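All remarks here apply to the structure that follows.
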Amino acid sequence: TVKVTINDKEVEVPREYTILNAAVEAGIKIPTLCHLDLHDLKMVNRTASCRVCMVEVEQRPNLAPACATPVNDGMVIRTDSLRAIRARRMAVELLLSNHPTDCLICQRNLRCELQALAKELNVREIKYTGKRNKYHLDTSSQAVIKNQDKCILCRRCETACNEIQTCGILSALNRGFDTIVGPAFNLPMAETSCTYCGQCVAVCPTAALTEVFHTHKVWEELHKPDKYVVVQVAPAIRVALGELFGMEPGTIVTGKLAAALRRMGFDQVYDTEFGADVTIMEEAKELIHRLENGGRLPMLTSCCPAWVSFIEHQFPDMVDVPSTCKSPHIMFGTIAKTYLAEKMGIDPKKMVVVSVMPCVTKKAEAARTELSIDDNDNVDIVITTRELGDMLKEAGIDFDKLPDEDFDHPLGESTGAATIFGTTGGVIEAAMRTAYEWITGETLEKVDFKQLRGMKGIREATVDLKGQEIKIGIAHGLGNARQMLEDIRNGKSEFHAIEIMACPGGCIGGGGQPYHYGNDEIVKKRQEAIYKEDERKSIRKSHENPEVIKLYEEYLGEPYYGERAHNLLHTKFEA
Ligand code: HC1
Ligand code: SF4
């Protein structure tokens, strides 16, 4: 350790610390902007490009960026000198000199880190009014909008895309005043191999990277008298939406969520978790089929569309490895527009299915034509958790005062197995709960497979099915997924089944969730809430969901093998 003095306060800290780390330890706040420290992912964005964290170090003539300056023994630092405060303010003033000032109508209004900092540092005028850059707005993709005018070159997106996700889409181009961040040759996003995982959106401090917005489309459909609008909500929404209404991370708001959607005017309020239970029926059967018939192993879960896109682009020789199951919200849309429409006597062309997802990629997934049936998309519109929060505020719904309500039926019942889809490790645990009983023919008494849980980026575990050992691999974050896929490609993998989720933490850490500004604790609290919700459910195995059982009896036939089940719920991935 070394001893340093910050604003007359002495602290002892590890040698590898930066001044910023030491200040945190000393309880002294140094403002930052480009800095992002995701401990669990061991990812630090330390470009020191914004110069907002400048401090004075005794005996050094120049100010130093606290985020990128290592401590040494005996160092004396001042964060509160007039010179340091002025330098910080000037850094923000310079950023503002080349930044649009349309805060009032900006998507990030009141949740923009640059705006918050301008307020915190008491910036009261746009001091420097020279040349400004004006770029073309990139709306080429179905999922992500890139607005270069709002980019402050912090390079957090670059770190997320290249280091965590290893996708290599975003990097700095050009030099000096012309520097921008974008794909190679500044191609439109839609012409790159972007997976639309949205992790760049999740870490962007301004509105330079956002999801494509669809809230207006939802309002339009809700107000068309001839349309029957059905909504479904992903597992991860119920443990995060409350944050947008001032609740603690990890507050479970399932009942209020159902009530809120009903108040918004949706004709039926359903749960993607029903689709997740159906997915397990199909996926567990498919796994058993592959195990018994010498099929391709390991089988990979296919419910994360960013991950599917990643394999299509980066491992085209392995597209036969993922399960052929459509993802739960797509399965749900299919069932709504066939079974439900028939049952209710509604023309499927007049039915609109809206998915509320923690995810940005789901927007692009829903637009994939190969998933539609008779030219009718399974899911018509996807909005993120943040967009739903915006709509509820727009509608004047007092969210925290709402009563708890139930989802509608017959597609609103779900099990604990479906809830845990929202976290890394959950899909494969849910599959094991069902596969165990189907393979052994015995009742699974202890449904918690604790060996599959946690936040470690790559996890391995063995599940004993009464003598038959199933080797399971779990990865979250596409960089971790890449390592696993390379092992499979090189014949080094002995897994039978693998779960991959593109976002760190799984869907709870999705690109469409309330911004968590690099605070890993928030994602962990959402994960704890997911397991709590699972424990609260009276049924915790997908194949015991009575509404799912009825759906198979009345309509789909045998899971995986039934003609309808196969035609409606499976797809083929192509490179
Ligand atoms: Fe997910 Fe899924 S769990 S992909 O992470 O399989 O988005 O929550 O809805 O479809 O159920 C996301 C979450 C979600 C699907 C399910
Ligand atoms: Fe990279 Fe994901 Fe952003 Fe695409 S969406 S640029 S893959 S981080």
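Simple scheme: letters A, B, ... for chains in structure tokens order, numbers from 1 for residues in each chain, numbers from 1 for ligands in the order shown.
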
When you look at Asp80 in chain A with a cut-off of 8 Å (counting only C-alpha atoms), what residues show up, excluding the ones that are within fewer than 2 positions of it in the same chain? I need them as a PDB file with N, CA and C atoms, in the first residue's frame.
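around-v4.pdb, freshly written:
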```pdb
ATOM      1  N   ASN A   7      -6.842  16.631  -0.178  1.00  0.00           N
ATOM      2  CA  ASN A   7      -7.501  17.736   0.538  1.00  0.00           C
ATOM      3  C   ASN A   7      -7.246  17.614   2.055  1.00  0.00           C
ATOM      4  N   VAL A  55      -7.078  17.370 -11.304  1.00  0.00           N
ATOM      5  CA  VAL A  55      -6.748  17.718  -9.914  1.00  0.00           C
ATOM      6  C   VAL A  55      -5.319  18.264  -9.862  1.00  0.00           C
ATOM      7  N   ARG A  78      -4.801  18.013  -4.387  1.00  0.00           N
ATOM      8  CA  ARG A  78      -5.922  18.913  -4.044  1.00  0.00           C
ATOM      9  C   ARG A  78      -6.954  18.820  -5.157  1.00  0.00           C
ATOM     10  N   LEU A  82      -8.950  26.415  -6.631  1.00  0.00           N
ATOM     11  CA  LEU A  82      -9.650  27.223  -7.631  1.00  0.00           C
ATOM     12  C   LEU A  82      -9.216  26.808  -9.040  1.00  0.00           C
ATOM     13  N   ALA A  84      -8.154  23.883 -10.076  1.00  0.00           N
ATOM     14  CA  ALA A  84      -8.748  22.591 -10.468  1.00  0.00           C
ATOM     15  C   ALA A  84     -10.232  22.768 -10.807  1.00  0.00           C
ATOM     16  N   ILE A  85     -10.922  23.537  -9.992  1.00  0.00           N
ATOM     17  CA  ILE A  85     -12.366  23.730 -10.238  1.00  0.00           C
ATOM     18  C   ILE A  85     -12.586  24.440 -11.577  1.00  0.00           C
TER      19      ILE A  85
END
```

Write out as a count of residues only the residues lying within 10 Å of Thr434 in chain A, counting only C-alpha atoms and excluding same-chain residues fewer than 5 positions away.
17

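Pocket residues of ligand 2, taken as those with any atom at most 6 Å away using only C-alpha atoms and all ligand atoms, are Ala160, Cys161, Cys167, Ile169, Leu170, Cys194, Thr195, Tyr196, Cys197, Gly198, Gln199 and Cys200 of chain A.
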
Using all heavy atoms, can you write the selected residues to a file as a JSON list (two decimals), in the first residue's frame?
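Output saved as part-v5.json:
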```json
[["chain", "number", "residue", "atom", "x", "y", "z"],
["A", 160, "ALA", "N", -17.04, -0.75, -24.67],
["A", 160, "ALA", "CA", -18.09, -1.76, -24.50],
["A", 160, "ALA", "C", -18.13, -2.68, -25.72],
["A", 160, "ALA", "O", -18.18, -3.91, -25.60],
["A", 160, "ALA", "CB", -19.45, -1.09, -24.30],
["A", 161, "CYS", "N", -18.11, -2.09, -26.90],
["A", 161, "CYS", "CA", -18.26, -2.88, -28.13],
["A", 161, "CYS", "C", -17.03, -3.74, -28.39],
["A", 161, "CYS", "O", -17.14, -4.89, -28.79],
["A", 161, "CYS", "CB", -18.52, -1.95, -29.30],
["A", 161, "CYS", "SG", -18.87, -2.84, -30.83],
["A", 167, "CYS", "N", -17.03, -7.08, -30.58],
["A", 167, "CYS", "CA", -17.67, -6.96, -31.89],
["A", 167, "CYS", "C", -16.89, -6.05, -32.83],
["A", 167, "CYS", "O", -16.99, -6.17, -34.06],
["A", 167, "CYS", "CB", -19.11, -6.46, -31.74],
["A", 167, "CYS", "SG", -20.17, -7.69, -30.98],
["A", 169, "ILE", "N", -17.18, -2.93, -33.74],
["A", 169, "ILE", "CA", -17.93, -2.09, -34.68],
["A", 169, "ILE", "C", -17.54, -0.62, -34.55],
["A", 169, "ILE", "O", -17.42, 0.10, -35.55],
["A", 169, "ILE", "CB", -19.46, -2.22, -34.43],
["A", 169, "ILE", "CG1", -19.90, -3.68, -34.45],
["A", 169, "ILE", "CG2", -20.26, -1.39, -35.43],
["A", 169, "ILE", "CD1", -19.66, -4.41, -35.74],
["A", 170, "LEU", "N", -17.35, -0.15, -33.34],
["A", 170, "LEU", "CA", -17.16, 1.29, -33.13],
["A", 170, "LEU", "C", -15.70, 1.62, -32.80],
["A", 170, "LEU", "O", -15.10, 0.99, -31.94],
["A", 170, "LEU", "CB", -18.05, 1.76, -31.97],
["A", 170, "LEU", "CG", -19.56, 1.58, -32.19],
["A", 170, "LEU", "CD1", -20.31, 1.87, -30.90],
["A", 170, "LEU", "CD2", -20.06, 2.48, -33.31],
["A", 194, "CYS", "N", -22.89, -5.31, -36.69],
["A", 194, "CYS", "CA", -23.42, -4.95, -35.37],
["A", 194, "CYS", "C", -24.51, -5.95, -34.97],
["A", 194, "CYS", "O", -25.37, -6.29, -35.76],
["A", 194, "CYS", "CB", -24.02, -3.54, -35.45],
["A", 194, "CYS", "SG", -24.85, -3.04, -33.94],
["A", 195, "THR", "N", -24.43, -6.40, -33.73],
["A", 195, "THR", "CA", -25.43, -7.36, -33.23],
["A", 195, "THR", "C", -26.64, -6.64, -32.63],
["A", 195, "THR", "O", -27.60, -7.28, -32.24],
["A", 195, "THR", "CB", -24.84, -8.23, -32.11],
["A", 195, "THR", "OG1", -24.51, -7.36, -31.02],
["A", 195, "THR", "CG2", -23.58, -8.95, -32.57],
["A", 196, "TYR", "N", -26.54, -5.32, -32.52],
["A", 196, "TYR", "CA", -27.56, -4.50, -31.86],
["A", 196, "TYR", "C", -27.76, -4.89, -30.39],
["A", 196, "TYR", "O", -28.85, -4.77, -29.85],
["A", 196, "TYR", "CB", -28.91, -4.55, -32.61],
["A", 196, "TYR", "CG", -28.79, -4.20, -34.06],
["A", 196, "TYR", "CD1", -29.30, -5.03, -35.06],
["A", 196, "TYR", "CD2", -28.13, -3.04, -34.45],
["A", 196, "TYR", "CE1", -29.15, -4.71, -36.40],
["A", 196, "TYR", "CE2", -27.98, -2.71, -35.80],
["A", 196, "TYR", "CZ", -28.50, -3.56, -36.76],
["A", 196, "TYR", "OH", -28.34, -3.24, -38.08],
["A", 197, "CYS", "N", -26.70, -5.40, -29.79],
["A", 197, "CYS", "CA", -26.80, -5.80, -28.39],
["A", 197, "CYS", "C", -27.16, -4.62, -27.50],
["A", 197, "CYS", "O", -27.69, -4.78, -26.41],
["A", 197, "CYS", "CB", -25.49, -6.42, -27.92],
["A", 197, "CYS", "SG", -24.16, -5.21, -27.76],
["A", 198, "GLY", "N", -26.81, -3.41, -27.94],
["A", 198, "GLY", "CA", -27.20, -2.23, -27.20],
["A", 198, "GLY", "C", -26.31, -1.89, -26.02],
["A", 198, "GLY", "O", -26.61, -0.98, -25.24],
["A", 199, "GLN", "N", -25.20, -2.57, -25.88],
["A", 199, "GLN", "CA", -24.32, -2.25, -24.75],
["A", 199, "GLN", "C", -23.65, -0.89, -24.95],
["A", 199, "GLN", "O", -23.31, -0.20, -23.99],
["A", 199, "GLN", "CB", -23.30, -3.36, -24.51],
["A", 199, "GLN", "CG", -23.89, -4.58, -23.83],
["A", 199, "GLN", "CD", -24.58, -4.26, -22.50],
["A", 199, "GLN", "OE1", -23.96, -3.72, -21.59],
["A", 199, "GLN", "NE2", -25.86, -4.57, -22.39],
["A", 200, "CYS", "N", -23.48, -0.48, -26.20],
["A", 200, "CYS", "CA", -22.94, 0.86, -26.46],
["A", 200, "CYS", "C", -23.97, 1.91, -26.02],
["A", 200, "CYS", "O", -23.63, 2.95, -25.47],
["A", 200, "CYS", "CB", -22.60, 1.02, -27.94],
["A", 200, "CYS", "SG", -23.97, 0.61, -29.05]]
```

Per-residue DSSP, range 370-501 of chain A, filtered to strand (DSSP E), as a ChimeraX atom specification:
/A:381-384,458-465,468-476,497-501

Quick one: write out the picked residues with N, CA and C atoms as a short mmCIF file (atom, residue, chain, number, x, y, z; two decimals), in the first residue's frame?
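Here's the written file selection-v3.cif:
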```
data_model
loop_
_atom_site.label_atom_id
_atom_site.label_comp_id
_atom_site.auth_asym_id
_atom_site.auth_seq_id
_atom_site.Cartn_x
_atom_site.Cartn_y
_atom_site.Cartn_z
N ILE A 381 -44.50 -4.46 -32.61
CA ILE A 381 -43.71 -3.33 -32.10
C ILE A 381 -42.99 -3.78 -30.83
N VAL A 382 -41.76 -3.35 -30.69
CA VAL A 382 -41.01 -3.62 -29.46
C VAL A 382 -40.62 -2.29 -28.83
N ILE A 383 -40.90 -2.14 -27.56
CA ILE A 383 -40.40 -0.95 -26.84
C ILE A 383 -39.54 -1.41 -25.67
N THR A 384 -38.61 -0.56 -25.27
CA THR A 384 -37.72 -0.91 -24.16
C THR A 384 -38.37 -0.55 -22.82
N ILE A 458 -17.92 -16.60 -17.30
CA ILE A 458 -18.01 -17.94 -17.88
C ILE A 458 -18.13 -18.92 -16.72
N ARG A 459 -19.16 -19.75 -16.76
CA ARG A 459 -19.34 -20.72 -15.66
C ARG A 459 -19.55 -22.12 -16.24
N GLU A 460 -19.10 -23.08 -15.48
CA GLU A 460 -19.28 -24.48 -15.90
C GLU A 460 -19.88 -25.24 -14.74
N ALA A 461 -20.76 -26.18 -15.02
CA ALA A 461 -21.34 -26.97 -13.94
C ALA A 461 -21.83 -28.30 -14.51
N THR A 462 -21.98 -29.25 -13.61
CA THR A 462 -22.51 -30.54 -14.05
C THR A 462 -23.83 -30.77 -13.31
N VAL A 463 -24.81 -31.23 -14.05
CA VAL A 463 -26.09 -31.54 -13.42
C VAL A 463 -26.28 -33.05 -13.52
N ASP A 464 -26.53 -33.67 -12.38
CA ASP A 464 -26.64 -35.12 -12.35
C ASP A 464 -28.10 -35.52 -12.51
N LEU A 465 -28.41 -36.14 -13.62
CA LEU A 465 -29.78 -36.61 -13.84
C LEU A 465 -29.83 -38.10 -13.52
N GLN A 468 -27.05 -39.87 -15.30
CA GLN A 468 -26.64 -39.24 -16.56
C GLN A 468 -26.16 -37.82 -16.27
N GLU A 469 -24.90 -37.59 -16.53
CA GLU A 469 -24.35 -36.26 -16.22
C GLU A 469 -24.49 -35.33 -17.40
N ILE A 470 -25.08 -34.18 -17.15
CA ILE A 470 -25.20 -33.19 -18.22
C ILE A 470 -24.22 -32.07 -17.91
N LYS A 471 -23.31 -31.82 -18.83
CA LYS A 471 -22.32 -30.77 -18.61
C LYS A 471 -22.83 -29.47 -19.22
N ILE A 472 -22.85 -28.46 -18.36
CA ILE A 472 -23.47 -27.19 -18.77
C ILE A 472 -22.42 -26.08 -18.79
N GLY A 473 -22.48 -25.24 -19.80
CA GLY A 473 -21.64 -24.04 -19.85
C GLY A 473 -22.53 -22.81 -19.91
N ILE A 474 -22.09 -21.76 -19.25
CA ILE A 474 -22.87 -20.51 -19.26
C ILE A 474 -21.92 -19.35 -19.55
N ALA A 475 -22.32 -18.49 -20.47
CA ALA A 475 -21.51 -17.29 -20.72
C ALA A 475 -22.44 -16.10 -20.87
N HIS A 476 -22.03 -14.97 -20.35
CA HIS A 476 -22.78 -13.74 -20.63
C HIS A 476 -21.79 -12.66 -20.99
N ALA A 497 -24.91 -28.75 -23.10
CA ALA A 497 -25.81 -27.60 -23.31
C ALA A 497 -25.13 -26.33 -22.84
N ILE A 498 -25.36 -25.26 -23.57
CA ILE A 498 -24.74 -23.99 -23.23
C ILE A 498 -25.78 -22.88 -23.28
N GLU A 499 -25.72 -22.01 -22.31
CA GLU A 499 -26.58 -20.81 -22.34
C GLU A 499 -25.71 -19.60 -22.60
N ILE A 500 -26.10 -18.83 -23.57
CA ILE A 500 -25.37 -17.58 -23.82
C ILE A 500 -26.36 -16.41 -23.85
N MET A 501 -25.99 -15.36 -23.15
CA MET A 501 -26.74 -14.11 -23.19
C MET A 501 -25.75 -13.01 -23.56
#
```

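For Ala260 in chain A, the residues within 8 Å (counting only C-alpha atoms, excluding itself and residues fewer than 3 positions away along the chain) are Lys256, Leu257, Arg263, Met264, Leu392, Ile397, Phe399 and Leu402 of chain A.
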
Identify, counting only C-alpha atoms and all ligand atoms, the protein, DNA and RNA residues located within 9 Å of ligand 1, and give them as an mmCIF file with C-alpha atoms, in the first residue's frame.
```cif
data_model
loop_
_atom_site.group_PDB
_atom_site.id
_atom_site.type_symbol
_atom_site.label_atom_id
_atom_site.label_comp_id
_atom_site.auth_asym_id
_atom_site.auth_seq_id
_atom_site.Cartn_x
_atom_site.Cartn_y
_atom_site.Cartn_z
ATOM 1 C CA GLN A 232 -46.463 -8.795 -23.285
ATOM 2 C CA VAL A 233 -43.705 -7.973 -20.811
ATOM 3 C CA ALA A 234 -40.309 -9.634 -20.515
ATOM 4 C CA PRO A 235 -39.161 -11.218 -17.243
ATOM 5 C CA ALA A 236 -36.463 -8.589 -16.626
ATOM 6 C CA ILE A 237 -38.872 -5.628 -16.778
ATOM 7 C CA ARG A 238 -40.574 -6.355 -13.450
ATOM 8 C CA ASP A 271 -46.615 -12.049 -19.886
ATOM 9 C CA THR A 272 -43.625 -13.120 -22.012
ATOM 10 C CA GLU A 273 -43.000 -15.576 -19.206
ATOM 11 C CA PHE A 274 -45.804 -17.672 -20.670
ATOM 12 C CA GLY A 275 -43.722 -17.779 -23.866
ATOM 13 C CA ALA A 276 -40.672 -18.673 -21.794
ATOM 14 C CA ASP A 277 -42.483 -21.686 -20.339
ATOM 15 C CA THR A 279 -39.788 -22.291 -24.917
ATOM 16 C CA THR A 301 -29.914 -21.600 -26.177
ATOM 17 C CA SER A 302 -31.317 -19.320 -28.838
ATOM 18 C CA CYS A 303 -33.509 -16.834 -27.006
ATOM 19 C CA CYS A 304 -31.057 -13.921 -27.134
ATOM 20 C CA PRO A 305 -31.201 -12.350 -30.602
ATOM 21 C CA LYS A 326 -37.760 -19.038 -31.640
ATOM 22 C CA SER A 327 -37.311 -16.732 -28.668
ATOM 23 C CA PRO A 328 -40.025 -16.579 -25.990
ATOM 24 C CA HIS A 329 -41.528 -13.249 -27.036
ATOM 25 C CA ILE A 330 -41.661 -14.347 -30.676
ATOM 26 C CA MET A 331 -43.250 -17.650 -29.621
ATOM 27 C CA PHE A 332 -45.737 -15.663 -27.594
ATOM 28 C CA SER A 355 -43.436 -6.504 -26.597
ATOM 29 C CA VAL A 356 -41.927 -4.579 -23.707
ATOM 30 C CA MET A 357 -38.319 -5.726 -23.547
ATOM 31 C CA PRO A 358 -35.161 -4.828 -21.608
ATOM 32 C CA CYS A 359 -33.401 -5.213 -24.897
ATOM 33 C CA VAL A 360 -32.548 -3.179 -27.969
ATOM 34 C CA THR A 361 -31.965 -6.115 -30.339
ATOM 35 C CA LYS A 362 -35.496 -7.407 -29.884
ATOM 36 C CA THR A 384 -37.722 -0.914 -24.163
ATOM 37 C CA ALA A 418 -39.860 -18.541 -16.702
ATOM 38 C CA THR A 419 -39.009 -15.692 -14.349
ATOM 39 C CA ILE A 420 -35.368 -16.711 -14.106
ATOM 40 C CA PHE A 421 -34.978 -16.328 -17.886
ATOM 41 C CA GLY A 422 -34.249 -12.708 -16.991
ATOM 42 C CA THR A 423 -30.829 -13.440 -15.487
ATOM 43 C CA THR A 424 -27.696 -15.140 -16.744
ATOM 44 C CA GLY A 426 -31.729 -18.803 -15.744
ATOM 45 C CA VAL A 427 -32.684 -20.268 -19.110
ATOM 46 C CA MET A 501 -26.743 -14.107 -23.194
ATOM 47 C CA ALA A 502 -25.202 -11.139 -24.979
ATOM 48 C CA CYS A 503 -25.606 -8.631 -22.190
ATOM 49 C CA GLY A 506 -28.336 -11.404 -18.960
ATOM 50 C CA CYS A 507 -31.523 -9.484 -19.780
ATOM 51 C CA ILE A 508 -31.491 -7.668 -16.432
ATOM 52 C CA GLY A 509 -28.422 -5.820 -17.782
ATOM 53 C CA GLY A 510 -29.996 -5.246 -21.207
ATOM 54 C CA GLY A 512 -32.979 -1.040 -22.921
#
```

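Distances to Lys492 in chain A were evaluated for A:Asn519, A:Pro298, A:Pro249, A:Val2 using only C-alpha atoms, and the minimum falls at A:Pro298.
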
Give the helix (DSSP H, G or I) residues of range 391-509 of chain A, as DSSP finds them on the backbone, and put them as a ChimeraX atom specification.
/A:391-394,399-401,416-422,426-440,450-452,478-489,507-509

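The closest residue to His313 in chain A, picked from A:Glu574, A:Lys349, A:Pro61, A:Ile180 and counting only C-alpha atoms, is A:Glu574.
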
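Checking A:Glu387, A:Glu10, A:Asp448, A:Glu191 one by one against Ser141 in chain A, counting only C-alpha atoms, you find the shortest gap at A:Glu191.
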